[in-house]
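Heads up: the structure comes next, in C-alpha cells.
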Amino acid sequence: MKLSEQWLREFVNPRATAGELAERLTLAGIEISSVTDALPAIDKVVVGEVLKVARHPQAGKLSICDVRISAGKQLQIVCGAPNVRTGMKVAVVLHGGRLPDGTEVHVSQLRGVESQGMLCSARELGIADDHSGLVELPVDSAVGKPLVQVLGGADKVLEVEITPNRGDCLSVLGIARELGTLFDLDLNLPQCAPVKPTIKDTLPVNLAAPEACPVFAGRIIRGLRTDAVTPLWMRERLRRAGLRCVHPVVDVTQYVMLELGQPMHAYDLKQLSGGIVVRMARAGESLQLLDGNTHTLEPDMLVIADSKRPLGVGGIMGGTASSVQVDTRDIYLEAAFFPPQTISSRERKLGVQTDAAYRFARGVDPTGQTRALERATRLLLDFANGEPGPVNRVAGRKNAAAKLVLRQLKLRQLLGIRVPEREVGRILSRLGFRTRKRAHTWEVRAPSYRFDIEREEDLVEEVGRVFGYDRIPAIAYPSTQRMLPLPEQQLPLARLRDILTGRGYQEVITYSFVDGPLQQRLTGGPGIALANPITTDMTEMRCSLWPGLIQTLRYNLNRQQKRMRIFECGMSFIPQHDEITQENILSGLITGSQYPAQWGLPQRVADLADLRGDVEALLVASGAAERLEASAAPHPALHPGQSAKLYLNGVDLGWMGALHPILLREMTLDQPVLLFELRLEPLLHGRLPKLAPISPFPSLSRDLAVVVDERVPAATILGLVREAVAPQPIEVYIFDIYHGPGIDSGRKSVALSLILQDSSRTLTDEAADATVKHVVRQLQDKLGATIRD
C-alpha cells in the first residue's frame with residue numbers, strides 16, 4: 001500500500017521527517033519498504049491560461065496559442081494537442097524548463113512559427129499515463145502559480161508492507177493511529193458527521209446470509225451532475241496511492257477506502273430491480289464482473305443481488321451490468337462488512353484480485369460502514385451536488401469483544417524488562433483498547449478493528465513493539481545451558497550435504513506445493529490436492545521431491561545451463577488411508593557432462609554408474625556402502641532398462657535411474673536426466689567402527705569366473721560369496737562381466753577376485769582352494785551358476 005505523507009499528516013503531525021516516521025513505524029512492526037518523492041522533478045512549469053487558439057498555417061494538426069502566464073505577460077506556443085481551447089488552464093513549461101524525462105524546453109521554431117514554451121500532457125509531466133491531450137487544471141488555479149503547488153506541493157510517498165494479521169493498518173487512518181500511539185499525539189479525524197437526508201428514498205435490504213455478511217449499509221443519492229469532474233487534489237492523492245481515476249463516484253469510493261479502510265461499491269440505481277438481497281449464489285448462476293470476464297458462480301460464493309439477478313460478488317467485485325456510467329445520475333452506495341473467511345478462498349476461485357478483497361480478507365472494522373457512507377456522501381455532494389437519502393443499515397447478531405487479562409508478571413516474563421504501569425495503560429489506550437486496571441493485572445477489551453488480538457501474548461506484543469524492542473537491553477541469559485545427548489551412531493544431515501556439495505552438487509529448496517499433473521506423471525498416482533491452491537501450477541502437496549527438481553532443471557536449461565548437479569532435503573507428504581504420512585527424503589538430479597569443461601579429461605555424458613557412485617558415497621559416511629542392494633524394478637518416472645529399487649540391509653531405501661524417454665519428450669528435454677530419491681532416516685543411522693588387529697600373515701588371491709542368468713544382480717553374487725566364507729575375512733570384487741561367443745543366450749560371465757587372509761595362521765593353498773570350492777557350491781545351489789573354463 002502506498003501512502004501520501006501529506007495526507008497522513010492531516011490526521012497526525014509528529015515533529016519528524018518522513019524518514020524518521022518510516023523508521024519508527026518499521027521498528028513497531030509496520031514495515032515501510034520505501035520512501036520516494038510524490039512528484040517527479042518538474043522545473044519551471046507554471047499555470048497558464050489559453051487566451052487565443054489559431055491554426056498553424058503550415059500544419060493542419062498544429063495550433064498557435066496565446067497563453068497568459070502572469071499579469072501582463074503572454075507567450076506564443078505551438079501545440080499539437082486536440083483538446084486545446086480558449087479559456088483552458090494548462091501546464092506551461094517555460095524557456096529553460098526541464099521535464100521529468102530530462103527534456104529541456106527552449107524557444108524554438110516549429111514549421112516556421114516561433115514557440116516560446118511547451119504545453120504538456122499528464123504523461124509528459126510524469127503524473128499519469130494519459131497522453132491523449134493537455135492536462136486540464138482546475139479553473140480556479142492561479143495563473144503563474146508553480147505547478148508543484150497546484151498539485152499539492154512537495155510530498156513523500158511511503159510504501160507500507162502490511163503483514164496478513166494487520167488489516168487495520170490498510171488505510172491512512174490505521175497508520176495515523178499507529179503514529180499517534182508512537183508519538184503520543186491525538187488524531188485529527190476527517191469530517192464524517194451525518195449528512196442530512198433531503199429525500200426519503202431507500203432500498204429494502206434482506207440479509208439472507210447473515211453469517212457471510214453480518215452488516216450491510218446503503219444509501220440512495222439522486223441527481224448527481226453528469227459533468228462533474230473529480231477534484232484535482234483527490235485525483236492526485238489517488239495517483240500517489242497507485243490508483244487511477246475512473247469515474248467521480250468510483251474515485252470517491254476509492255478515496256474513502258484508502259482513507260478509512262472501508263471498501264465501498266456504487267450501483268447505477270436505474271439498473272436495480274426491487275430491493276437488495278445478500279445471499280449465497282445459486283447453482284448455475286453466472287455474472288460478468290468489472291474485469292470483463294463472465295464467471296460461473298459456485299454455491300459457496302456470496303452475492304449481492306436484487307430481485308431478479310446477482311449484481312456482484314460480495315466483497316470482491318461488482319458486476320458490469322449495474323456499474324455506474326458516464327450518464328449515471330442516481331446511485332446506490334454500499335458499505336458492508338464481510339468476515340475474512342467469506343472472502344479469501346472465493347477470490348482465488350474466481351481468479352481476481354481487488355483492493356477490496358485484499359482488505360476484507362485481512363479484516364475490516366465491522367462498525368465503520370455508516371462512517372464511510374457519510375464521508376463518501378459529503379465528498380460527492382461537495383463537487384457533484386445530488387440529493388441524499390437516509391442511510392439504511394441492517395445488521396445481524398453482534399459479537400461482543402472478548403475480555404482479556406494482561407498480567408504484569410506475564411508482561412515481564414515475555415519482554416524480559418519491567419514496563420512502567422502508566423506506560424502500559426497509555427499504550428493500550430492510544431491503540432484503542434478499553435482497559436481497567438486491577439491490582440496486578442489489566443482487564444482489556446480489543447477494539448472492533450483488531451482481529452489479531454486473541455490472547456494475552458498478543459497484548460504483550462502490542463506493549464513491546466510500541467514501547468520499543470530497541471529499548472530492551474541485551475543481557476546474558478541467566479539459565480544454565482545444557483547440551484543434549486547425541487547418539488554416536490547418528491550421522492548429522494550436514495555431513496550428507498557436505499558429501500554431495502563436495503561431488504559437485506548444489507542444494508536447492510523448492511516449494512512443498514507442486515504441479516498436480518506433473519507429479520502424477522512422475523509418481524503414477526494422485527497426491528494430496530489443495531483446497532485453495534495459490535497458483536494453477538501448485539495444486540498438490542508433494543509426495544516426491546522430483547517434481548521440484550525437474551522444474552528447477554527446466555528453469556536452468558532455458559537459461560543455457562546444460563550441466564547440472566542439484567539435490568534437496570525435504571519433507572514428502574504421502575496419503576495413506578485417511579491419514580497423511582510425512583517423511584524426510586533426500587533427492588538428487590544430474591544431467592549433462594560428468595565433469596566440467598577442462599583439458600585434463602575427455603568429455604562424456606554422466607551415466608547411471610556415476611549416479612550410483614554418488615549414492616554409494618552417501619552410504620560410505622555411515623559405513624553401510626557394502627550393504628546397499630540395487631534391484632531392477634519398474635518405476636513410472638524412470639527408463640524401463642535403467643531403473644533400480646534400492647535396499648539397505650533388506651529395507652526399502654529408495655529409487656534411482658534415468659528419466660523415462662516419454663517424459664523427456666513431453667517436457668521438451670533434449671538430454672538424459674538421472675535421478676535418485678532416498679529415505680533420509682536409514683542414511684542417518686551409521687555403524688560404529690570396530691577396531692581389529694591387522695593380520696601379520698600373508699594373503700592369498702584367487703580368481704573365479706562363473707556363468708549365471710543375466711538377470712542376476714551383481715550385489716546378489718557378492719552377497720552369496722561373503723555368506724559362504726563367513727566368518728573368515730574376505731575382500732571380493734567383480735573385475736569383468738562378459739556377454740558374447742561362448743556364453744549361452746540369456747546368461748553372462750562374471751569374473752570375481754577373492755582375497756583371503758587368516759588372522760591366526762598362514763593360509764595354505766589347500767585351505768584357500770577349499771574356500772573357493774565352498775563358494776562355487778554356494779553359487780551353484782543358489783543361482784544355478786557354472787564355472788567358466
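Residues are named by chain letter and number: chains run A, B, ... in the order of the C-alpha cells, numbers start at 1 in each chain, and ligands are numbered from 1 in the order shown.
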
Using only C-alpha atoms, which residues sit within 10 Å of segment 693-709 of chain A once same-chain residues fewer than 4 positions away are excluded, as an NGL selection string?
:A and (713 or 717 or 730-739 or 743-765 or 768-769 or 771-772 or 775-776 or 779-780 or 783-789)

Write out, as a compact mmCIF listing (two decimals), in the first residue's frame, the residues just selected, with N, CA and C atoms.
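See part-v4.txt below for the written result:
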# COMPACT_ATOMS: atom_id res chain seq x y z
N PRO A 713 21.49 -59.84 -10.21
CA PRO A 713 22.26 -58.63 -9.88
C PRO A 713 23.65 -58.98 -9.34
N ILE A 717 25.38 -61.78 -6.16
CA ILE A 717 26.55 -62.66 -6.26
C ILE A 717 27.55 -62.33 -5.15
N ILE A 730 37.27 -61.51 4.15
CA ILE A 730 37.46 -61.66 2.71
C ILE A 730 37.23 -60.32 2.03
N GLU A 731 37.99 -60.10 0.99
CA GLU A 731 37.76 -58.94 0.12
C GLU A 731 37.41 -59.49 -1.25
N VAL A 732 36.26 -59.13 -1.79
CA VAL A 732 35.81 -59.66 -3.06
C VAL A 732 35.29 -58.53 -3.93
N TYR A 733 35.64 -58.59 -5.20
CA TYR A 733 35.12 -57.59 -6.13
C TYR A 733 35.03 -58.21 -7.53
N ILE A 734 34.19 -57.60 -8.34
CA ILE A 734 33.99 -58.05 -9.72
C ILE A 734 34.91 -57.23 -10.62
N PHE A 735 35.68 -57.92 -11.46
CA PHE A 735 36.57 -57.18 -12.35
C PHE A 735 36.21 -57.35 -13.83
N ASP A 736 35.18 -58.19 -14.14
CA ASP A 736 34.79 -58.31 -15.54
C ASP A 736 33.40 -58.95 -15.64
N ILE A 737 32.61 -58.47 -16.60
CA ILE A 737 31.32 -59.07 -16.95
C ILE A 737 31.32 -59.24 -18.46
N TYR A 738 31.00 -60.45 -18.94
CA TYR A 738 31.15 -60.76 -20.36
C TYR A 738 29.86 -61.35 -20.92
N HIS A 739 29.44 -60.84 -22.10
CA HIS A 739 28.37 -61.42 -22.91
C HIS A 739 28.97 -61.65 -24.29
N ILE A 743 29.16 -67.99 -24.55
CA ILE A 743 28.22 -67.87 -23.44
C ILE A 743 26.81 -68.02 -24.01
N ASP A 744 26.02 -68.88 -23.38
CA ASP A 744 24.66 -69.12 -23.85
C ASP A 744 23.83 -67.84 -23.79
N SER A 745 22.85 -67.78 -24.68
CA SER A 745 21.93 -66.64 -24.70
C SER A 745 21.16 -66.56 -23.39
N GLY A 746 21.04 -65.36 -22.86
CA GLY A 746 20.32 -65.15 -21.60
C GLY A 746 21.19 -65.34 -20.38
N ARG A 747 22.51 -65.58 -20.57
CA ARG A 747 23.42 -65.75 -19.44
C ARG A 747 24.61 -64.81 -19.60
N LYS A 748 25.36 -64.67 -18.54
CA LYS A 748 26.53 -63.79 -18.55
C LYS A 748 27.64 -64.40 -17.71
N SER A 749 28.86 -64.01 -18.03
CA SER A 749 30.01 -64.47 -17.27
C SER A 749 30.47 -63.35 -16.35
N VAL A 750 30.62 -63.70 -15.07
CA VAL A 750 31.03 -62.73 -14.06
C VAL A 750 32.36 -63.19 -13.47
N ALA A 751 33.40 -62.36 -13.61
CA ALA A 751 34.72 -62.70 -13.09
C ALA A 751 34.92 -62.04 -11.74
N LEU A 752 35.26 -62.88 -10.74
CA LEU A 752 35.42 -62.41 -9.37
C LEU A 752 36.87 -62.56 -8.94
N SER A 753 37.30 -61.65 -8.10
CA SER A 753 38.61 -61.77 -7.46
C SER A 753 38.39 -61.84 -5.96
N LEU A 754 38.92 -62.93 -5.33
CA LEU A 754 38.78 -63.15 -3.89
C LEU A 754 40.14 -63.02 -3.25
N ILE A 755 40.25 -62.21 -2.22
CA ILE A 755 41.49 -62.06 -1.46
C ILE A 755 41.23 -62.61 -0.07
N LEU A 756 41.90 -63.73 0.26
CA LEU A 756 41.67 -64.46 1.50
C LEU A 756 42.84 -64.25 2.45
N GLN A 757 42.51 -64.17 3.74
CA GLN A 757 43.55 -63.95 4.75
C GLN A 757 43.04 -64.44 6.10
N ASP A 758 43.90 -65.04 6.88
CA ASP A 758 43.54 -65.52 8.21
C ASP A 758 44.32 -64.71 9.23
N SER A 759 43.70 -64.40 10.34
CA SER A 759 44.36 -63.57 11.34
C SER A 759 45.17 -64.36 12.34
N SER A 760 45.03 -65.72 12.31
CA SER A 760 45.72 -66.52 13.33
C SER A 760 46.78 -67.46 12.76
N ARG A 761 46.82 -67.61 11.44
CA ARG A 761 47.78 -68.54 10.86
C ARG A 761 48.00 -68.18 9.40
N THR A 762 49.05 -68.77 8.87
CA THR A 762 49.31 -68.60 7.44
C THR A 762 48.35 -69.48 6.66
N LEU A 763 47.64 -68.89 5.72
CA LEU A 763 46.64 -69.61 4.96
C LEU A 763 47.35 -70.43 3.87
N THR A 764 47.07 -71.75 3.84
CA THR A 764 47.69 -72.62 2.84
C THR A 764 46.90 -72.61 1.55
N ASP A 765 47.52 -73.07 0.48
CA ASP A 765 46.81 -73.16 -0.80
C ASP A 765 45.63 -74.11 -0.71
N ALA A 768 42.78 -72.35 0.94
CA ALA A 768 42.20 -71.37 0.04
C ALA A 768 41.37 -72.04 -1.04
N ASP A 769 41.89 -73.17 -1.58
CA ASP A 769 41.12 -73.87 -2.62
C ASP A 769 39.82 -74.42 -2.05
N THR A 771 38.08 -73.12 0.33
CA THR A 771 37.15 -71.98 0.45
C THR A 771 36.52 -71.64 -0.89
N VAL A 772 37.33 -71.66 -1.95
CA VAL A 772 36.79 -71.35 -3.28
C VAL A 772 35.77 -72.40 -3.69
N VAL A 775 32.56 -71.66 -2.07
CA VAL A 775 31.91 -70.53 -2.73
C VAL A 775 31.21 -70.99 -4.00
N VAL A 776 31.89 -71.83 -4.78
CA VAL A 776 31.30 -72.33 -6.04
C VAL A 776 30.03 -73.11 -5.76
N LEU A 779 27.19 -70.79 -5.01
CA LEU A 779 26.66 -70.14 -6.21
C LEU A 779 25.88 -71.12 -7.08
N GLN A 780 26.37 -72.36 -7.13
CA GLN A 780 25.64 -73.37 -7.91
C GLN A 780 24.27 -73.66 -7.30
N LEU A 783 22.15 -70.03 -7.35
CA LEU A 783 21.95 -69.29 -8.60
C LEU A 783 22.02 -70.18 -9.84
N GLY A 784 22.33 -71.48 -9.65
CA GLY A 784 22.49 -72.34 -10.83
C GLY A 784 23.70 -71.97 -11.64
N ALA A 785 24.75 -71.47 -10.97
CA ALA A 785 25.95 -71.00 -11.66
C ALA A 785 26.78 -72.18 -12.14
N THR A 786 27.54 -71.94 -13.21
CA THR A 786 28.50 -72.91 -13.70
C THR A 786 29.85 -72.22 -13.81
N ILE A 787 30.92 -73.02 -13.70
CA ILE A 787 32.27 -72.48 -13.80
C ILE A 787 32.61 -72.31 -15.27
N ARG A 788 33.09 -71.13 -15.60
CA ARG A 788 33.51 -70.88 -16.97
C ARG A 788 34.96 -71.34 -17.14
N ASP A 789 35.18 -72.17 -18.15
CA ASP A 789 36.53 -72.68 -18.39
C ASP A 789 37.42 -71.59 -18.95

Give me the residues within 8 Å of Met1 of chain A as a PyMOL selection string, counting only C-alpha atoms and dropping any in the same chain fewer than 4 places off.
chain A and resi 159-162+170+241

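Surrounding segment 358-370 of chain A within 6 Å are Pro164, Gly167, Ala335, Phe337, Pro340, Ile343, Ser344, Ser448 and Tyr449 of chain A, with only C-alpha atoms counted and residues fewer than 6 positions along the same chain left out.
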
Of the residues A:Ala176, A:Val394, A:Val50, A:Val326, which is the one nearest to Leu224 of chain A, using only C-alpha atoms?
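Going through A:Ala176, A:Val394, A:Val50, A:Val326 one by one, the smallest distance to Leu224 of chain A is for A:Val326.
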
Determine which residues of segment 155-190 of chain A receive a DSSP assignment of strand (DSSP E), computed from the backbone, and state them as a PyMOL selection string.
chain A and resi 156-161

Based on the selection just made, write N, CA, C and O atoms of those residues as a PDB file, in the first residue's frame.
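To be explicit, this is the file written out as result29.pdb:
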ATOM      1  N   LYS A 156       6.078  13.184   0.091  1.00  0.00           N
ATOM      2  CA  LYS A 156       6.736  11.886   0.033  1.00  0.00           C
ATOM      3  C   LYS A 156       5.672  10.795  -0.001  1.00  0.00           C
ATOM      4  O   LYS A 156       4.586  10.955   0.558  1.00  0.00           O
ATOM      5  N   VAL A 157       5.998   9.690  -0.651  1.00  0.00           N
ATOM      6  CA  VAL A 157       5.109   8.533  -0.691  1.00  0.00           C
ATOM      7  C   VAL A 157       5.764   7.408   0.101  1.00  0.00           C
ATOM      8  O   VAL A 157       6.895   7.010  -0.188  1.00  0.00           O
ATOM      9  N   LEU A 158       5.048   6.915   1.108  1.00  0.00           N
ATOM     10  CA  LEU A 158       5.524   5.809   1.927  1.00  0.00           C
ATOM     11  C   LEU A 158       4.885   4.516   1.422  1.00  0.00           C
ATOM     12  O   LEU A 158       3.664   4.435   1.300  1.00  0.00           O
ATOM     13  N   GLU A 159       5.716   3.545   1.087  1.00  0.00           N
ATOM     14  CA  GLU A 159       5.177   2.252   0.673  1.00  0.00           C
ATOM     15  C   GLU A 159       5.184   1.327   1.879  1.00  0.00           C
ATOM     16  O   GLU A 159       6.233   1.037   2.458  1.00  0.00           O
ATOM     17  N   VAL A 160       3.997   0.879   2.265  1.00  0.00           N
ATOM     18  CA  VAL A 160       3.814   0.119   3.503  1.00  0.00           C
ATOM     19  C   VAL A 160       3.627  -1.355   3.167  1.00  0.00           C
ATOM     20  O   VAL A 160       2.820  -1.712   2.307  1.00  0.00           O
ATOM     21  N   GLU A 161       4.387  -2.215   3.832  1.00  0.00           N
ATOM     22  CA  GLU A 161       4.240  -3.663   3.689  1.00  0.00           C
ATOM     23  C   GLU A 161       3.531  -4.180   4.943  1.00  0.00           C
ATOM     24  O   GLU A 161       4.119  -4.216   6.021  1.00  0.00           O
TER      25      GLU A 161
END

Straight-line distance linking atom CA of Gly396 of chain A with atom CA of Val249 of chain A, stated in Å to one decimal
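Answer for the atom CA of Gly396 of chain A to atom CA of Val249 of chain A separation: 28.3 Å.
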
Near segment 400-404 of chain A, within 12 Å and counting only C-alpha atoms, which residues show up once chain neighbours fewer than 6 positions away are dropped, as a PDB file with N, CA, C and O atoms, in the first residue's frame?
ATOM      1  N   PRO A 366     -15.943  -3.873  11.553  1.00  0.00           N
ATOM      2  CA  PRO A 366     -17.376  -4.132  11.330  1.00  0.00           C
ATOM      3  C   PRO A 366     -18.280  -3.001  11.793  1.00  0.00           C
ATOM      4  O   PRO A 366     -19.497  -3.076  11.588  1.00  0.00           O
ATOM      5  N   THR A 367     -17.708  -1.945  12.399  1.00  0.00           N
ATOM      6  CA  THR A 367     -18.545  -0.824  12.871  1.00  0.00           C
ATOM      7  C   THR A 367     -18.351   0.439  12.031  1.00  0.00           C
ATOM      8  O   THR A 367     -18.915   1.475  12.363  1.00  0.00           O
ATOM      9  N   PHE A 433      -7.647   0.230  22.813  1.00  0.00           N
ATOM     10  CA  PHE A 433      -8.118  -0.797  23.734  1.00  0.00           C
ATOM     11  C   PHE A 433      -8.805  -0.148  24.932  1.00  0.00           C
ATOM     12  O   PHE A 433      -8.370   0.903  25.412  1.00  0.00           O
ATOM     13  N   ARG A 434      -9.861  -0.784  25.387  1.00  0.00           N
ATOM     14  CA  ARG A 434     -10.519  -0.344  26.621  1.00  0.00           C
ATOM     15  C   ARG A 434      -9.906  -1.135  27.781  1.00  0.00           C
ATOM     16  O   ARG A 434      -9.909  -2.368  27.752  1.00  0.00           O
ATOM     17  N   THR A 435      -9.395  -0.430  28.766  1.00  0.00           N
ATOM     18  CA  THR A 435      -8.675  -1.101  29.844  1.00  0.00           C
ATOM     19  C   THR A 435      -9.253  -0.726  31.200  1.00  0.00           C
ATOM     20  O   THR A 435      -9.815   0.362  31.386  1.00  0.00           O
ATOM     21  N   ARG A 436      -9.093  -1.641  32.138  1.00  0.00           N
ATOM     22  CA  ARG A 436      -9.424  -1.391  33.544  1.00  0.00           C
ATOM     23  C   ARG A 436      -8.316  -1.998  34.394  1.00  0.00           C
ATOM     24  O   ARG A 436      -8.041  -3.193  34.310  1.00  0.00           O
ATOM     25  N   THR A 441      -3.023  -6.669  37.356  1.00  0.00           N
ATOM     26  CA  THR A 441      -3.468  -7.046  36.017  1.00  0.00           C
ATOM     27  C   THR A 441      -4.202  -5.883  35.366  1.00  0.00           C
ATOM     28  O   THR A 441      -4.537  -4.887  36.011  1.00  0.00           O
ATOM     29  N   TRP A 442      -4.447  -6.024  34.079  1.00  0.00           N
ATOM     30  CA  TRP A 442      -5.332  -5.128  33.336  1.00  0.00           C
ATOM     31  C   TRP A 442      -6.410  -5.971  32.666  1.00  0.00           C
ATOM     32  O   TRP A 442      -6.116  -7.000  32.050  1.00  0.00           O
ATOM     33  N   GLU A 443      -7.650  -5.553  32.810  1.00  0.00           N
ATOM     34  CA  GLU A 443      -8.735  -6.147  32.029  1.00  0.00           C
ATOM     35  C   GLU A 443      -8.834  -5.358  30.722  1.00  0.00           C
ATOM     36  O   GLU A 443      -8.960  -4.131  30.739  1.00  0.00           O
ATOM     37  N   VAL A 444      -8.767  -6.060  29.610  1.00  0.00           N
ATOM     38  CA  VAL A 444      -8.634  -5.395  28.307  1.00  0.00           C
ATOM     39  C   VAL A 444      -9.691  -5.917  27.340  1.00  0.00           C
ATOM     40  O   VAL A 444      -9.933  -7.127  27.263  1.00  0.00           O
ATOM     41  N   ARG A 445     -10.307  -4.985  26.615  1.00  0.00           N
ATOM     42  CA  ARG A 445     -11.183  -5.340  25.500  1.00  0.00           C
ATOM     43  C   ARG A 445     -10.613  -4.705  24.229  1.00  0.00           C
ATOM     44  O   ARG A 445     -10.375  -3.495  24.185  1.00  0.00           O
ATOM     45  N   ALA A 446     -10.400  -5.545  23.222  1.00  0.00           N
ATOM     46  CA  ALA A 446      -9.796  -5.062  21.979  1.00  0.00           C
ATOM     47  C   ALA A 446     -10.823  -4.271  21.174  1.00  0.00           C
ATOM     48  O   ALA A 446     -12.020  -4.555  21.232  1.00  0.00           O
ATOM     49  N   PRO A 447     -10.374  -3.273  20.408  1.00  0.00           N
ATOM     50  CA  PRO A 447     -11.295  -2.535  19.539  1.00  0.00           C
ATOM     51  C   PRO A 447     -11.799  -3.431  18.406  1.00  0.00           C
ATOM     52  O   PRO A 447     -11.203  -4.461  18.085  1.00  0.00           O
ATOM     53  N   SER A 448     -12.882  -3.017  17.795  1.00  0.00           N
ATOM     54  CA  SER A 448     -13.533  -3.849  16.776  1.00  0.00           C
ATOM     55  C   SER A 448     -12.663  -4.095  15.563  1.00  0.00           C
ATOM     56  O   SER A 448     -12.834  -5.093  14.856  1.00  0.00           O
ATOM     57  N   TYR A 449     -11.705  -3.216  15.295  1.00  0.00           N
ATOM     58  CA  TYR A 449     -10.888  -3.357  14.088  1.00  0.00           C
ATOM     59  C   TYR A 449      -9.652  -4.217  14.309  1.00  0.00           C
ATOM     60  O   TYR A 449      -8.883  -4.437  13.372  1.00  0.00           O
ATOM     61  N   ARG A 450      -9.424  -4.725  15.509  1.00  0.00           N
ATOM     62  CA  ARG A 450      -8.237  -5.534  15.773  1.00  0.00           C
ATOM     63  C   ARG A 450      -8.605  -7.020  15.814  1.00  0.00           C
ATOM     64  O   ARG A 450      -8.855  -7.602  16.866  1.00  0.00           O
ATOM     65  N   PHE A 451      -8.617  -7.640  14.637  1.00  0.00           N
ATOM     66  CA  PHE A 451      -8.949  -9.055  14.522  1.00  0.00           C
ATOM     67  C   PHE A 451      -7.822  -9.952  15.034  1.00  0.00           C
ATOM     68  O   PHE A 451      -8.029 -11.142  15.266  1.00  0.00           O
ATOM     69  N   ASP A 452      -6.631  -9.412  15.181  1.00  0.00           N
ATOM     70  CA  ASP A 452      -5.468 -10.228  15.512  1.00  0.00           C
ATOM     71  C   ASP A 452      -5.270 -10.407  17.014  1.00  0.00           C
ATOM     72  O   ASP A 452      -4.363 -11.142  17.422  1.00  0.00           O
ATOM     73  N   ILE A 453      -6.070  -9.763  17.831  1.00  0.00           N
ATOM     74  CA  ILE A 453      -5.883  -9.854  19.289  1.00  0.00           C
ATOM     75  C   ILE A 453      -6.771 -10.974  19.819  1.00  0.00           C
ATOM     76  O   ILE A 453      -7.998 -10.859  19.866  1.00  0.00           O
ATOM     77  N   GLU A 454      -6.139 -12.081  20.230  1.00  0.00           N
ATOM     78  CA  GLU A 454      -6.899 -13.251  20.679  1.00  0.00           C
ATOM     79  C   GLU A 454      -6.490 -13.739  22.058  1.00  0.00           C
ATOM     80  O   GLU A 454      -7.270 -14.424  22.716  1.00  0.00           O
ATOM     81  N   ARG A 455      -5.280 -13.419  22.495  1.00  0.00           N
ATOM     82  CA  ARG A 455      -4.792 -13.983  23.755  1.00  0.00           C
ATOM     83  C   ARG A 455      -3.872 -12.987  24.458  1.00  0.00           C
ATOM     84  O   ARG A 455      -3.552 -11.925  23.896  1.00  0.00           O
ATOM     85  N   GLU A 456      -3.470 -13.339  25.656  1.00  0.00           N
ATOM     86  CA  GLU A 456      -2.649 -12.450  26.476  1.00  0.00           C
ATOM     87  C   GLU A 456      -1.327 -12.119  25.789  1.00  0.00           C
ATOM     88  O   GLU A 456      -0.842 -10.986  25.862  1.00  0.00           O
ATOM     89  N   GLU A 457      -0.728 -13.097  25.106  1.00  0.00           N
ATOM     90  CA  GLU A 457       0.548 -12.870  24.433  1.00  0.00           C
ATOM     91  C   GLU A 457       0.431 -11.788  23.364  1.00  0.00           C
ATOM     92  O   GLU A 457       1.396 -11.064  23.090  1.00  0.00           O
ATOM     93  N   ASP A 458      -0.743 -11.665  22.733  1.00  0.00           N
ATOM     94  CA  ASP A 458      -0.930 -10.602  21.738  1.00  0.00           C
ATOM     95  C   ASP A 458      -0.850  -9.226  22.391  1.00  0.00           C
ATOM     96  O   ASP A 458      -0.319  -8.272  21.797  1.00  0.00           O
ATOM     97  N   LEU A 459      -1.384  -9.111  23.589  1.00  0.00           N
ATOM     98  CA  LEU A 459      -1.311  -7.836  24.304  1.00  0.00           C
ATOM     99  C   LEU A 459       0.128  -7.518  24.690  1.00  0.00           C
ATOM    100  O   LEU A 459       0.562  -6.362  24.627  1.00  0.00           O
ATOM    101  N   VAL A 460       0.878  -8.543  25.093  1.00  0.00           N
ATOM    102  CA  VAL A 460       2.296  -8.335  25.415  1.00  0.00           C
ATOM    103  C   VAL A 460       3.034  -7.827  24.188  1.00  0.00           C
ATOM    104  O   VAL A 460       3.870  -6.917  24.263  1.00  0.00           O
TER     105      VAL A 460
END
